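Below is one structure; the comments refer to it alone.
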Amino acid sequence: MGNFTPSRLRRVRLVDRLVAGGITAGGSLVLLAVAFLMVFLFAQTLPLLGGGTARPQSSATAPDAPLLAFEDDFREGVIVLGADGVLHSARLDGAGRTVPLEGARPPLREAVLDAAGRLLAIRDAADEVQVWAVRVKVGWESGERRLEPTARPLLRRVGAGLGRLLAAGGDVDAPVVVAATASGAAVLRGSADAVEIRLGTPAAVAAISRDGRELWLGAARDLSVFRLDGEAFSPALVAAVPLRRPPTAGALLLGDTTMLLGDAGGEVTAWQVVAGAVAGTRMLDAAAVFTGNGPVVALAPSPRDKTFLVRRPGGAELAHLTSRRVGLELPSFPADAVQAGFSPRRDGVFALTAARVVHRWRLEVPHPEATAGTLFLPVRYEGFTEPEFVWQSTGGSGSFEPKLSLVPLVVGTFKGALYALLFSAPCALAAALYLSQFAPSRLRTVAKPAIELMAALPSVVVGFLAALLLAPVLERHVVGVLTAFVVLPLGVIAAAAAWEQAPLAWRRRLRPRGELLLVVGALAATLATVAAVAPTVERVLFAGDFSAWLLASAGVTYDQRNAVVVGFALGFAVIPIIFTLAEDAFSNVPPSLVSASLALGATRWQAARTVAIPAASPGLFAAVMTGLGRAVGETMIVLMATGNTPILSLSPFDGMRTMAASIAVELPEAAFGDTLYRVLILTALMLFAMTFVINTAAVLISTRLRKRFGRLAA
Amino acid sequence: MSAPRPALEAVNLVAGFAGQEVLRGIDLAVPARRITALIGPSGCGKSTLLRCFNRMNDHLAGFFRRGRLNASGRDVYDPAWSLEELRFTVGMVFQKPNPFPMSIRDNVLFGPSLAGVHDRAALDTTLESSLRHANLWDEVKDRLDASALDMSGGQQQRLCIARALASSPDILLLDEPASALDPIATVRLEETVRELADVVTVLLVTHNLQQAARVAHRTAFLYLGELIEEGETTAMFATPRERLTEEYITGRFG
Amino acid sequence: MSVRRFLAVGTAQRWLTAAALLLALAMIVGLVTVVVRVAAGFFWPHPLVELVLADGTRLLGEESGRDVDPAVAGATRVRIKVGNRELSGADFVWVREVEVKERSEPRDAWLLERREYGTFYGTPRRLEGPRSAVDATAPGFAAALAKAIDEAAGRFDEERALLARADRLHAPVARLQARFNAATVAGRDTTALKAELDAARAREQEALAPLLERLAGLRAALAEGALVIATAGGEEKAIPVSGIVRAVAPNGLSTPAKLAVYLARWWEFLAGAPRESNTEGGIFPAIFGTALMVLLMTVAVVPLGVVTAVYLNEYARDNAFTAAVRLALANLAGVPSIVFGAFGLAFFVYTVGGGIDRLFFADTLPTPTFGTGGILWASLTLALLTVPVVVVATEEGLQSVPQAVRDGARALGATRWQTLRRVVLPYAAPGILTGAILAVARGAGEVAPLMLTGVVKLAPSLALDGTAPFLHLDRKFMHLGFHIYDVGFQSPNVEAAKPMVYATVLVLLVLVVLLNVTAIVLRTRLRRRLKRAVV
């Protein structure tokens, strides 16, 4: 009845074509998703590779005879101190304000600013040294933002007999100023007398730590570090080192542990105090040397990180201490600059010229501390004496230097995965071999779903039990458990050998189910023996306490959450994966091949060894690879069952931190777009790439295998 | 409608898969409102020939064909004749019963529903007449909403016939419809097929010579992709013209 | 027998492989047994023991573990949960058996489950009501206490409901406040907003007034009534009745009464809200969050997975592109879930969510709306993760459809799509269902990606509630798996919370196992059909 009406036919055919298109598009979506995932993650990490940019911005005009300049937090204007003793605030849109430093007698002779940009030290026409607390307030006036510099006098001292002002430091409550003297330097503070430090030659450069207690003095022939102790700020020499060339510029980097000294030879040396060869002594060590063309005129530290600006007669460039990255040149840097520095948020650089211009650059160097070198090679961080691989992404203070070496994470990842495979691969492969070749068929109907359930267990459950149940038990019975791993197989072999001696009649009557019971018996007996003997073994061999013995005899510490626990727990998660794939590989071997071998008089073991295992071996390899992929990427188990300590150690009794765990713990805390965020995304991308290679290999292998036996089976 | 024009016609038909010819130049005319049986040994191409007429082979990988194929006097490859319409004209029943996992009613009315027929009364008429033609009405009239999968094999196959009839085709292709059935179900099916000639032209593939003899008005014998002989069944079984036909009929090979 | 012959016969090898399988099975059975044993026993009212130690100290509590006494060979020590956290400072004490002089199970010892400070163990003295007091030795004491607790609980629930209503009343003000703050920070003109905000505040105050009055009354009533109870050491303490969730004297209870307590505790656990930073009370928000997240995920993943499977099985030609799709699928299945989490955070949360915020919620920036983790992003991330599960199962379902059925439909003049929609998909439905169930099971157990995309330890409100638009896709949510991680590892009192975590593990385990068993049964049936279809 009824045929298609033409309109219905058209509609039906149109729908058919549309759906076909839609479904094809939908099918490609998966491909697109994977490709997009990879490309997107890659794009997120790309900024790590770029060195950054510095672009000239509009400049501002400075008053006559400018001494120094600084910027406000939002870079809306520049504040310039003129020799007239007035702070000139120039908004870039033209509006400006002036705040005179009351009581400073013009013309000012010189001025220095501390590293934080809070303390301004000047010397006025009457040779008086004054320290002012300066701030730039952003105020609102009839809906408009205004910049309001404020200056508060802190200290006034007659500075007769003092040479150049070298540095200001300390804080608002206890400002410290350092000036050169004929034979060294003088420290001025509060109402007390100046403390004189004799160096032999006048100090050329100086820097004071933010707490005002540590003083670095560079003179013509040496660099010394003094500790200013107690109420009297009595200087005690911490360490000193002779210099090859007299310093021409100096700057203390954020964190107050690295002193940069520039010299006429164009070198910038990063000096750090390290422990000396004799215990309790300390010495100065050149942690890094940066070379360049032309003598160093001045150095300016970044207020936010370990970046610094190097001024030379021909221009200026940026460098970074940790990454040793040098060379971002500031374009068209004025040759007549008298001072240069960073903006408070390190998003810009300014340079003040004698010609009354403040040049400005916009800095986009988002990730100066991350290079292929810092991520993958050993790095000498501040406070270290040797280059090392360290992952420590966050610290207590703002001056903390993030240490982002991925090596401990990669090593930790593979350590965990390998321990897991060490346990799970033999177990799963053997179990699959047994189930596919030797087991009674009724066992299959129970064992396969059971193992499938094992695969379905949420890893958070496995991790929880591993950490809170297994780890404490293992800690107490580590000897017994480790012994059991060795003894169990031996026990089974011994039982098998014993069984072979049993009367033939018994052996003939043994069905596979009975055999299974015998194995259960053998396992139980072995376990009972181990449990009974282990405490004695521990008492005799390890003086009753394995971890203490381990520490005493091998110097190895025993972490409660260690690689053995992880190997066990991760192995638990990996066993079902390897097992299922291996079982598939064995099942894909045509039974006729095995039967043929049995027909030729081979025992079932020989048939398995000579036919089934070789035929399935590519599939078994693929199974282990897939298991490795899973172990590498597993997150919750390692997160819970390791101590998450990112240490480089292959000891089975140490914990570790894996890439996946780092992502899980640290990525939520990382700010979008910052270096840690991008490094962690890079870690995710690396995990993706690793598993991609592993999975692709496994897929190719198993496809080829199926093709080969597909023909044989047909 | 005993027009001289044949209901199905193959003219110098060469067809096969992946370069291998299965049919080598078939010329066959199937008269309307008659039952024609295609017989021949396995692999002679009778199923392929059958499936040429409703273009079912087109879905198989590597299929090719040359020569003309007409159904109801129209070229089945006429671009203006859609595949869907062709199959409404040329229905087909397969070797194994293939009821859909739905009710008996929905199975039978599958074709009309594709065509977008919603008229309840017309559908009910179609349902009953199709099932009656398939000799199934009395068996299932009380459980039309039961699942078709719960029927016996013979019933399922007759349901498939009813399902094909519901689209009121001119021609019905039967591809060894009884091969999966037991002897009793086969008898019922053959009765059904014999009565079908009143409504449609039937082209029946069978490997069972007795079935051909019992059911078909005309018989065509295929051997190795060639049409050896075609004619009235009684005549062909009594006095085959070709020696091959005789040998096949007498069971010397096959 | 020679070694060579021994190796050839292979008994040892066979036994070793059998041992491997047994080991694997023992591991899973052992794991499940431990969880079930600890979790199932936790809610049972255990006897309270009173110990008198050699130095005269008296302890009252529940025995919760036993260990080897490190000091004396062959002796043991017991761990007693002594509770009374605000008095003793520690929940547990270890007692060496050799020091125990006396041990009894007093019938008048009670344990109080409290809203704060955990369990209290002691001997009640009297129940002080607003007007009268009931002595603990009086015959009606237990009934009076139960009644008082019940009444207080009713008031407590009402108080909670009122507070929730107050919260809802505050919502418009909070929204305006966020906009106002954002405008202030961005330096926009705020006069109009300020006026709007003040008006909203005034409205809120007006609506709030009767509510606050009722609340004050409730709180006054809640402050009434206290149970004076003595610790084992004899110290008396008055505990407000409103602070007691349940009072049980387990030593005097009959088995049915214990069973009632047991079931009541399970019910509270499954249907109640968490207390004491998740270490007590229930896990209902986590169950609800898991269910809702998984539901949203299913809505996203099933269409995508089915379309992909249909493409691969019905439309795809055997070419390089199809091979690439299959490879992509295999990789999607093998890529670590944490990578999806990172992608979900970077793409869904920061890129898509950030974009939505800039477009539609710009007036509250920098406070993010969709640009932070939420249930929508979490479920989309998990959807991506579970696509392969659905595809594989659906493909299996599609392959089980006999070719004859497809041919039948095509021969009746059905187009490819009609065949698919009317015959093939209904036929493959069990496969699709299997896929969906397996995806749900996987999604319910997955934790790592959620940690990046919106799970929290304590969500202030469910993502589905009575305020428009009812389904709040931007809200953060709680999740069973994350709950396990969080309470088991991040809570201040891990030892006390441990049994709760075991119970949560049991709930998750039951959920996942049930889902998987359903899927396995469905699939076994499908495979049987597949075998028939192939024959």
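If you're wondering about the labels, chains in the structure tokens are A, B, ... by order shown, residues count from 1 in each chain, ligands from 1 in order shown.
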
I want to know what sits within 9 Å of stretch 96-106 of chain C, based on only C-alpha atoms, with residues of the same chain fewer than 6 positions away left out; could you give that as a PyMOL selection string? chain C and resi 47-56+69+72+75-79+251-252

Proximity check chain C to chain B, 8 Å, nearest pairs one decimal Å, only C-alpha atoms, as JSON lines:
```
{"residue": "C:Ala404", "atom": "CA", "partner": "B:Asn98", "partner_atom": "CA", "distance": 5.9}
{"residue": "C:Val405", "atom": "CA", "partner": "B:Asn98", "partner_atom": "CA", "distance": 5.2}
{"residue": "C:Asp407", "atom": "CA", "partner": "B:Met56", "partner_atom": "CA", "distance": 7.9}
{"residue": "C:Gly408", "atom": "CA", "partner": "B:Asn98", "partner_atom": "CA", "distance": 6.5}
{"residue": "C:Arg410", "atom": "CA", "partner": "B:Met56", "partner_atom": "CA", "distance": 8.0}
{"residue": "C:Ala411", "atom": "CA", "partner": "B:Arg87", "partner_atom": "CA", "distance": 5.9}
{"residue": "C:Leu412", "atom": "CA", "partner": "B:Arg87", "partner_atom": "CA", "distance": 5.8}
{"residue": "C:Gly413", "atom": "CA", "partner": "B:Glu84", "partner_atom": "CA", "distance": 4.2}
{"residue": "C:Ala414", "atom": "CA", "partner": "B:Glu84", "partner_atom": "CA", "distance": 6.4}
{"residue": "C:Thr415", "atom": "CA", "partner": "B:Glu84", "partner_atom": "CA", "distance": 6.9}
{"residue": "C:Gln418", "atom": "CA", "partner": "B:Leu114", "partner_atom": "CA", "distance": 7.7}
{"residue": "C:Val423", "atom": "CA", "partner": "B:Phe100", "partner_atom": "CA", "distance": 6.5}
{"residue": "C:Pro426", "atom": "CA", "partner": "B:Pro101", "partner_atom": "CA", "distance": 7.7}
{"residue": "C:Tyr427", "atom": "CA", "partner": "B:Pro101", "partner_atom": "CA", "distance": 6.7}
```

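In this structure, atom CA of C:Val134 sits 24.8 Å away from atom CA of C:Gly118.
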
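All residues of stretch 323-359 of chain C that DSSP, run on the backbone, classes as alpha helix (DSSP H) are Ala323, Ala324, Val325, Arg326, Leu327, Ala328, Leu329, Ala330, Asn331, Leu332, Ala333, Gly334, Ser337, Ile338, Val339, Phe340, Gly341, Ala342, Phe343, Gly354, Gly355, Ile356, Asp357, Arg358 and Leu359 of chain C.
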
Please identify every residue of chain C that has at least one atom no more than 7 Å from any atom of chain A, counting only C-alpha atoms, and report them as a ChimeraX atom specification. /C:8-12,14-21,28,304,307-308,311-312,325,327-329,331-332,334-336,338-339,342-343,415-417,445-448,451-452,481,485,505,513

What does the file look like for those residues with C-alpha atoms, as a PDB file, in the first residue's frame?
```pdb
ATOM      1  CA  ALA C   8      59.230 -29.782  30.379  1.00  0.00           C
ATOM      2  CA  VAL C   9      56.246 -31.202  32.224  1.00  0.00           C
ATOM      3  CA  GLY C  10      55.673 -27.697  33.458  1.00  0.00           C
ATOM      4  CA  THR C  11      53.727 -28.381  36.621  1.00  0.00           C
ATOM      5  CA  ALA C  12      55.685 -25.701  38.416  1.00  0.00           C
ATOM      6  CA  ARG C  14      51.412 -23.947  35.542  1.00  0.00           C
ATOM      7  CA  TRP C  15      51.157 -23.657  39.288  1.00  0.00           C
ATOM      8  CA  LEU C  16      53.009 -20.370  39.248  1.00  0.00           C
ATOM      9  CA  THR C  17      50.579 -18.920  36.718  1.00  0.00           C
ATOM     10  CA  ALA C  18      47.689 -20.212  38.794  1.00  0.00           C
ATOM     11  CA  ALA C  19      49.252 -18.600  41.854  1.00  0.00           C
ATOM     12  CA  ALA C  20      49.406 -15.291  39.984  1.00  0.00           C
ATOM     13  CA  LEU C  21      45.723 -15.420  39.173  1.00  0.00           C
ATOM     14  CA  ILE C  28      40.321  -7.771  45.023  1.00  0.00           C
ATOM     15  CA  LEU C 304      28.672  12.175  21.132  1.00  0.00           C
ATOM     16  CA  VAL C 307      27.256   9.352  16.909  1.00  0.00           C
ATOM     17  CA  THR C 308      30.917   8.383  16.817  1.00  0.00           C
ATOM     18  CA  TYR C 311      29.898   6.731  12.184  1.00  0.00           C
ATOM     19  CA  LEU C 312      32.575   4.112  12.692  1.00  0.00           C
ATOM     20  CA  VAL C 325      39.535   8.331  14.129  1.00  0.00           C
ATOM     21  CA  LEU C 327      43.557   5.833  16.762  1.00  0.00           C
ATOM     22  CA  ALA C 328      42.259   9.054  18.268  1.00  0.00           C
ATOM     23  CA  LEU C 329      39.676   7.066  20.141  1.00  0.00           C
ATOM     24  CA  ASN C 331      44.313   7.539  22.665  1.00  0.00           C
ATOM     25  CA  LEU C 332      41.365   9.254  24.210  1.00  0.00           C
ATOM     26  CA  GLY C 334      44.552   5.867  27.170  1.00  0.00           C
ATOM     27  CA  VAL C 335      45.395   9.466  27.979  1.00  0.00           C
ATOM     28  CA  PRO C 336      45.645   9.983  31.748  1.00  0.00           C
ATOM     29  CA  ILE C 338      44.636  14.279  34.848  1.00  0.00           C
ATOM     30  CA  VAL C 339      45.525  15.507  31.348  1.00  0.00           C
ATOM     31  CA  ALA C 342      44.377  20.137  32.862  1.00  0.00           C
ATOM     32  CA  PHE C 343      42.647  20.592  29.537  1.00  0.00           C
ATOM     33  CA  THR C 415      16.893   4.900   3.606  1.00  0.00           C
ATOM     34  CA  ARG C 416      20.075   4.403   5.550  1.00  0.00           C
ATOM     35  CA  TRP C 417      18.930   6.793   8.228  1.00  0.00           C
ATOM     36  CA  GLY C 445      34.840   7.060  40.454  1.00  0.00           C
ATOM     37  CA  GLU C 446      37.069   9.565  38.702  1.00  0.00           C
ATOM     38  CA  VAL C 447      38.527  12.227  40.958  1.00  0.00           C
ATOM     39  CA  ALA C 448      41.710  13.731  39.551  1.00  0.00           C
ATOM     40  CA  MET C 451      40.096  18.503  41.426  1.00  0.00           C
ATOM     41  CA  LEU C 452      40.971  20.911  38.649  1.00  0.00           C
ATOM     42  CA  GLY C 481      35.558  10.239  45.454  1.00  0.00           C
ATOM     43  CA  TYR C 485      40.544  11.940  49.379  1.00  0.00           C
ATOM     44  CA  VAL C 505      34.343   4.152  50.284  1.00  0.00           C
ATOM     45  CA  VAL C 513      30.081  -2.268  41.512  1.00  0.00           C
TER      46      VAL C 513
END
```

Identify, on the basis of only C-alpha atoms, every residue whose closest approach to B:Gly154 does not exceed 12 Å; exclude the query and any residue fewer than 3 positions from it along the same chain; express the result as a count of residues only. 33
